[in-house]
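Single-structure report; data block below.
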There are 2 protein chains.
Amino acid sequence: MYDREIEADRARALIEEVLRGAKDVIFATNGSHGHPNVRTMYVACHDGAEALWFTTSLESSKIIELIKNEKAAIYIKCDGNAEVRLWGKVVILDDRESRERVWCDDLRAAFPDGAHDPNMRVLRFDVISGLYAKEGRSGIFTR
Amino acid sequence: MYDREIEADRARALIEEVLRGAKDVIFATNGSHGHPNVRTMYVACHDGAEALWFTTSLESSKIIELIKNEKAAIYIKCDGNAEVRLWGKVVILDDRESRERVWCDDLRAAFPDGAHDPNMRVLRFDVISGLYAKEGRSGIFTR
């Protein structure tokens with residue numbers, strides 16, 4: 001193992017630490033005409049490094065992008081020059097339990113009807129692999 | 001035209017204004033296994049909203065990604081909640097003029113041999129279209 005490598009278990013633990021403090025992340029999809037598409041998204045909650053949960057409006061172009069191609073990536077630039085990249089697949093959810101799980105009152109401006117607003121969908125990003133990098137050292141874990 | 005739309009010429013002018021202050025941007029490529037890949041990159045220089053120039057190491061995975069697929073996207077989150085997205089194609093350059101154009105002494109830590117370091121390549125992101133969005137209003141221009 002090169003000196004610049006971080007072991008998989010350690011990389012995963014460092015990523016989980018970053019996720020505990022993560023609010024806005026960069027969320028990349030396969031967009032139109034073969035180009036990636038990128039936006040900032042607020043993390044509603046997460047299951048360690050297993051899955052990240054988001055909300056979206058049905059009017060968002062990312063709904064169509066994710067129906068066409070579930071593969072996505074998340075990028076987090078942390079204080080102190082650490083970076084996290086996650087690759088995964090996104091499931092679009094519409095069930096009561098998922099809606100109630102992600103709901104918080106700050107969402108009411110976007111979804112006036114609350115957790116069951118017909119215009120809201122839940123996105124669950126299921127992590128396949130993750131990379132943690134800082135100061136030339138990096139490590140990858142795969143689930 | 002809807003009230004929430006910004007005209008194309010105005011969107012382009014607002015994007016050029018953002019680019020004048022842009023240092024680090026989010027740079028997305030088509031990565032491995034059908035997933036997007038994302039990293040932060042420093043903008044070496046730009047030609048208005050026509051092209052953005054970067055440097056990269058030959059050891060970076062993005063070189064292979066861009067040889068396989070030249071289509072990429074750039075994302076900039078600005079102060080005051082404005083966002084810029086650019087979609088374009090990336091040309092990998094190795095000529096003297098391009099190398100000298102992007103060179104600055106801050107790059108010497110990464111490329112000790114200077115502007116003609118054999119490990120350095122220049123990336124020119126040629127803009128195809130761009131989106132400017134702020135507070136629910138947005139506008140797109142296409143070149």
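All residue names refer to the structure tokens as shown: chains lettered A, B, ... in order, residues numbered from 1 in each chain, ligands numbered from 1 in order.
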Report task. Please identify every residue of chain A that has at least one atom no more than 7 Å from any atom of chain B, counting only C-alpha atoms, and report them as a PyMOL selection string. Result -> chain A and resi 28-30+34-38+71-73+75+87
Store the residues of this selection in a file with N, CA, C and O atoms, as a JSON list (two decimals), in the first residue's frame.
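Output below, filename selection-v3.json:
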[["chain", "number", "residue", "atom", "x", "y", "z"],
["A", 28, "ALA", "N", -24.80, 15.54, -8.71],
["A", 28, "ALA", "CA", -24.62, 15.47, -10.17],
["A", 28, "ALA", "C", -25.39, 14.30, -10.75],
["A", 28, "ALA", "O", -25.37, 13.19, -10.21],
["A", 29, "THR", "N", -26.06, 14.57, -11.85],
["A", 29, "THR", "CA", -26.83, 13.55, -12.58],
["A", 29, "THR", "C", -26.32, 13.48, -14.02],
["A", 29, "THR", "O", -25.53, 14.31, -14.46],
["A", 30, "ASN", "N", -26.78, 12.48, -14.75],
["A", 30, "ASN", "CA", -26.57, 12.44, -16.19],
["A", 30, "ASN", "C", -27.67, 13.30, -16.81],
["A", 30, "ASN", "O", -28.84, 12.94, -16.80],
["A", 34, "GLY", "N", -26.12, 14.15, -23.15],
["A", 34, "GLY", "CA", -24.87, 13.49, -22.78],
["A", 34, "GLY", "C", -23.98, 14.29, -21.85],
["A", 34, "GLY", "O", -22.87, 13.86, -21.54],
["A", 35, "HIS", "N", -24.45, 15.45, -21.40],
["A", 35, "HIS", "CA", -23.66, 16.25, -20.46],
["A", 35, "HIS", "C", -24.08, 15.94, -19.03],
["A", 35, "HIS", "O", -25.26, 15.74, -18.76],
["A", 36, "PRO", "N", -23.14, 15.97, -18.08],
["A", 36, "PRO", "CA", -23.56, 15.91, -16.67],
["A", 36, "PRO", "C", -24.39, 17.16, -16.34],
["A", 36, "PRO", "O", -24.29, 18.17, -17.02],
["A", 37, "ASN", "N", -25.19, 17.07, -15.29],
["A", 37, "ASN", "CA", -25.90, 18.24, -14.78],
["A", 37, "ASN", "C", -25.62, 18.32, -13.28],
["A", 37, "ASN", "O", -25.48, 17.30, -12.62],
["A", 38, "VAL", "N", -25.54, 19.53, -12.77],
["A", 38, "VAL", "CA", -25.05, 19.73, -11.40],
["A", 38, "VAL", "C", -25.89, 20.78, -10.70],
["A", 38, "VAL", "O", -26.27, 21.78, -11.31],
["A", 71, "LYS", "N", -28.13, 6.69, -12.17],
["A", 71, "LYS", "CA", -26.76, 6.84, -11.67],
["A", 71, "LYS", "C", -26.41, 8.31, -11.41],
["A", 71, "LYS", "O", -26.63, 9.16, -12.27],
["A", 72, "ALA", "N", -25.84, 8.57, -10.24],
["A", 72, "ALA", "CA", -25.56, 9.94, -9.84],
["A", 72, "ALA", "C", -24.29, 9.99, -9.01],
["A", 72, "ALA", "O", -23.69, 8.95, -8.71],
["A", 73, "ALA", "N", -23.86, 11.20, -8.68],
["A", 73, "ALA", "CA", -22.69, 11.38, -7.83],
["A", 73, "ALA", "C", -22.94, 12.55, -6.89],
["A", 73, "ALA", "O", -23.69, 13.47, -7.22],
["A", 75, "TYR", "N", -20.80, 15.32, -4.26],
["A", 75, "TYR", "CA", -19.48, 15.88, -3.99],
["A", 75, "TYR", "C", -19.60, 16.85, -2.83],
["A", 75, "TYR", "O", -20.52, 17.69, -2.80],
["A", 87, "TRP", "N", -20.50, 7.81, -5.20],
["A", 87, "TRP", "CA", -21.18, 7.37, -6.41],
["A", 87, "TRP", "C", -22.30, 6.44, -6.00],
["A", 87, "TRP", "O", -22.10, 5.58, -5.11]]
**Report entry** stretch 48-126 of chain A: residues DSSP assigns to strand (DSSP E), reported as JSON, numbers by chain
**Finding:** {"A": [51, 52, 53, 54, 55, 56, 57, 71, 72, 73, 74, 75, 76, 77, 83, 84, 85, 86, 87, 88, 89, 90, 91, 92, 93, 120, 121, 122, 123, 124, 125, 126]}
Query raised in the report: Within 8 Å of A:Arg121, counting only C-alpha atoms, which residues qualify if same-chain residues fewer than 4 places away don't, as a list in words?
Result: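 Listed by chain and then number, they are Thr55, Thr56, Ser57, Leu58, Ile92, Leu93, Asp94 and Arg99 of chain A.
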Export of prior selection with N, CA and C atoms as a short mmCIF file (atom, residue, chain, number, x, y, z; two decimals), in the first residue's frame:
data_model
loop_
_atom_site.label_atom_id
_atom_site.label_comp_id
_atom_site.auth_asym_id
_atom_site.auth_seq_id
_atom_site.Cartn_x
_atom_site.Cartn_y
_atom_site.Cartn_z
N THR A 55 -35.21 15.95 -0.81
CA THR A 55 -36.54 16.19 -1.38
C THR A 55 -36.38 16.95 -2.69
N THR A 56 -37.35 16.78 -3.56
CA THR A 56 -37.33 17.54 -4.81
C THR A 56 -38.76 17.83 -5.26
N SER A 57 -38.89 18.84 -6.10
CA SER A 57 -40.17 19.14 -6.72
C SER A 57 -40.33 18.31 -7.99
N LEU A 58 -41.56 17.91 -8.25
CA LEU A 58 -41.84 17.19 -9.50
C LEU A 58 -41.52 18.04 -10.72
N ILE A 92 -36.52 7.17 -6.58
CA ILE A 92 -37.53 8.23 -6.39
C ILE A 92 -38.68 7.61 -5.59
N LEU A 93 -38.96 8.16 -4.41
CA LEU A 93 -39.94 7.56 -3.50
C LEU A 93 -41.14 8.49 -3.30
N ASP A 94 -42.30 7.86 -3.08
CA ASP A 94 -43.54 8.62 -2.95
C ASP A 94 -44.38 8.09 -1.77
N ARG A 99 -41.76 10.15 3.01
CA ARG A 99 -42.13 11.57 3.06
C ARG A 99 -42.03 12.11 4.49
#
Query - Exercise: A:Ala44 partners within 8 Å, only C-alpha atoms, chain neighbours under 4 positions left out, as a count of residues only - result: 7
Report task. Compile the contact shell of B:Glu50 as number ranges by chain: residues with an atom at most 10 Å away, counting only C-alpha atoms, same-chain residues fewer than 5 positions apart removed. Result -> B: 12, 16, 88, 125-130, 143
Requested in this report: Do a neighbour search on B:Asp9 at 12 Å with only C-alpha atoms, toss out local chain neighbours closer than 6 positions, and write the hits as a PyMOL selection string.
Outcome: chain B and resi 15-16+49+130-132+139-143
Same residues, N, CA, C and O atoms, saved as a PDB file, in the first residue's frame:
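Output (result-v4.pdb):
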ATOM      1  N   ILE B  15     -23.666  35.931 -16.491  1.00  0.00           N
ATOM      2  CA  ILE B  15     -22.697  34.837 -16.388  1.00  0.00           C
ATOM      3  C   ILE B  15     -21.272  35.370 -16.554  1.00  0.00           C
ATOM      4  O   ILE B  15     -20.363  35.001 -15.807  1.00  0.00           O
ATOM      5  N   GLU B  16     -21.090  36.278 -17.503  1.00  0.00           N
ATOM      6  CA  GLU B  16     -19.748  36.854 -17.702  1.00  0.00           C
ATOM      7  C   GLU B  16     -19.284  37.601 -16.452  1.00  0.00           C
ATOM      8  O   GLU B  16     -18.110  37.538 -16.075  1.00  0.00           O
ATOM      9  N   ALA B  49     -17.850  34.383 -21.876  1.00  0.00           N
ATOM     10  CA  ALA B  49     -18.641  33.168 -21.688  1.00  0.00           C
ATOM     11  C   ALA B  49     -18.428  32.191 -22.849  1.00  0.00           C
ATOM     12  O   ALA B  49     -19.257  31.317 -23.098  1.00  0.00           O
ATOM     13  N   GLY B 130     -25.419  28.100 -21.350  1.00  0.00           N
ATOM     14  CA  GLY B 130     -25.230  28.473 -19.961  1.00  0.00           C
ATOM     15  C   GLY B 130     -26.539  28.900 -19.332  1.00  0.00           C
ATOM     16  O   GLY B 130     -27.437  29.408 -20.020  1.00  0.00           O
ATOM     17  N   LEU B 131     -26.643  28.670 -18.035  1.00  0.00           N
ATOM     18  CA  LEU B 131     -27.839  29.062 -17.292  1.00  0.00           C
ATOM     19  C   LEU B 131     -27.436  29.931 -16.109  1.00  0.00           C
ATOM     20  O   LEU B 131     -26.479  29.613 -15.403  1.00  0.00           O
ATOM     21  N   TYR B 132     -28.168  31.029 -15.934  1.00  0.00           N
ATOM     22  CA  TYR B 132     -28.005  31.873 -14.749  1.00  0.00           C
ATOM     23  C   TYR B 132     -29.311  31.820 -13.981  1.00  0.00           C
ATOM     24  O   TYR B 132     -30.393  31.982 -14.571  1.00  0.00           O
ATOM     25  N   GLY B 139     -32.320  32.295 -16.664  1.00  0.00           N
ATOM     26  CA  GLY B 139     -32.207  32.552 -18.092  1.00  0.00           C
ATOM     27  C   GLY B 139     -31.131  31.688 -18.691  1.00  0.00           C
ATOM     28  O   GLY B 139     -30.140  31.360 -18.021  1.00  0.00           O
ATOM     29  N   ILE B 140     -31.332  31.302 -19.936  1.00  0.00           N
ATOM     30  CA  ILE B 140     -30.395  30.431 -20.631  1.00  0.00           C
ATOM     31  C   ILE B 140     -29.893  31.142 -21.888  1.00  0.00           C
ATOM     32  O   ILE B 140     -30.670  31.818 -22.568  1.00  0.00           O
ATOM     33  N   PHE B 141     -28.603  30.995 -22.180  1.00  0.00           N
ATOM     34  CA  PHE B 141     -28.120  31.431 -23.498  1.00  0.00           C
ATOM     35  C   PHE B 141     -27.445  30.244 -24.180  1.00  0.00           C
ATOM     36  O   PHE B 141     -26.956  29.325 -23.532  1.00  0.00           O
ATOM     37  N   THR B 142     -27.467  30.261 -25.498  1.00  0.00           N
ATOM     38  CA  THR B 142     -26.794  29.226 -26.283  1.00  0.00           C
ATOM     39  C   THR B 142     -25.899  29.915 -27.295  1.00  0.00           C
ATOM     40  O   THR B 142     -26.304  30.925 -27.888  1.00  0.00           O
ATOM     41  N   ARG B 143     -24.706  29.392 -27.455  1.00  0.00           N
ATOM     42  CA  ARG B 143     -23.765  30.019 -28.381  1.00  0.00           C
ATOM     43  C   ARG B 143     -24.026  29.559 -29.814  1.00  0.00           C
ATOM     44  O   ARG B 143     -24.487  28.458 -30.035  1.00  0.00           O
TER      45      ARG B 143
END
Query raised in the report: So how far away is atom CA of B:Arg108 from atom CA of B:His46, in Å?
Result: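 Computed distance, atom CA of B:His46 to atom CA of B:Arg108, equals 20.6 Å.
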Query raised in the report: What's the 10 Å shell around A:Glu100, counting only C-alpha atoms, without same-chain residues fewer than 5 positions away, as a PyMOL selection string?
Result: chain A and resi 95+114-116+122
Go ahead and write the selection's residues with N, CA, C and O atoms as a PDB file, in the first residue's frame.
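Now in result.pdb:
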ATOM      1  N   ASP A  95     -43.797   7.198  -0.950  1.00  0.00           N
ATOM      2  CA  ASP A  95     -44.591   6.571   0.121  1.00  0.00           C
ATOM      3  C   ASP A  95     -44.628   7.456   1.376  1.00  0.00           C
ATOM      4  O   ASP A  95     -43.768   8.316   1.584  1.00  0.00           O
ATOM      5  N   GLY A 114     -47.296  20.425   2.966  1.00  0.00           N
ATOM      6  CA  GLY A 114     -46.609  19.612   3.971  1.00  0.00           C
ATOM      7  C   GLY A 114     -46.042  18.323   3.411  1.00  0.00           C
ATOM      8  O   GLY A 114     -45.848  18.181   2.199  1.00  0.00           O
ATOM      9  N   ALA A 115     -45.795  17.368   4.310  1.00  0.00           N
ATOM     10  CA  ALA A 115     -45.092  16.127   3.952  1.00  0.00           C
ATOM     11  C   ALA A 115     -45.788  15.359   2.829  1.00  0.00           C
ATOM     12  O   ALA A 115     -45.162  14.556   2.133  1.00  0.00           O
ATOM     13  N   HIS A 116     -47.083  15.607   2.662  1.00  0.00           N
ATOM     14  CA  HIS A 116     -47.812  14.846   1.632  1.00  0.00           C
ATOM     15  C   HIS A 116     -48.189  15.723   0.432  1.00  0.00           C
ATOM     16  O   HIS A 116     -49.090  15.379  -0.346  1.00  0.00           O
ATOM     17  N   VAL A 122     -39.413  12.209  -2.752  1.00  0.00           N
ATOM     18  CA  VAL A 122     -38.227  11.937  -1.936  1.00  0.00           C
ATOM     19  C   VAL A 122     -37.207  11.227  -2.819  1.00  0.00           C
ATOM     20  O   VAL A 122     -37.561  10.331  -3.604  1.00  0.00           O
TER      21      VAL A 122
END
**Report entry** DSSP-assigned helix (DSSP H, G or I) members of chain A, reported as a VMD selection string
**Finding:** chain A and resid 8 to 21 32 to 34 61 to 68 79 to 81 96 to 102 105 to 109 114 to 116
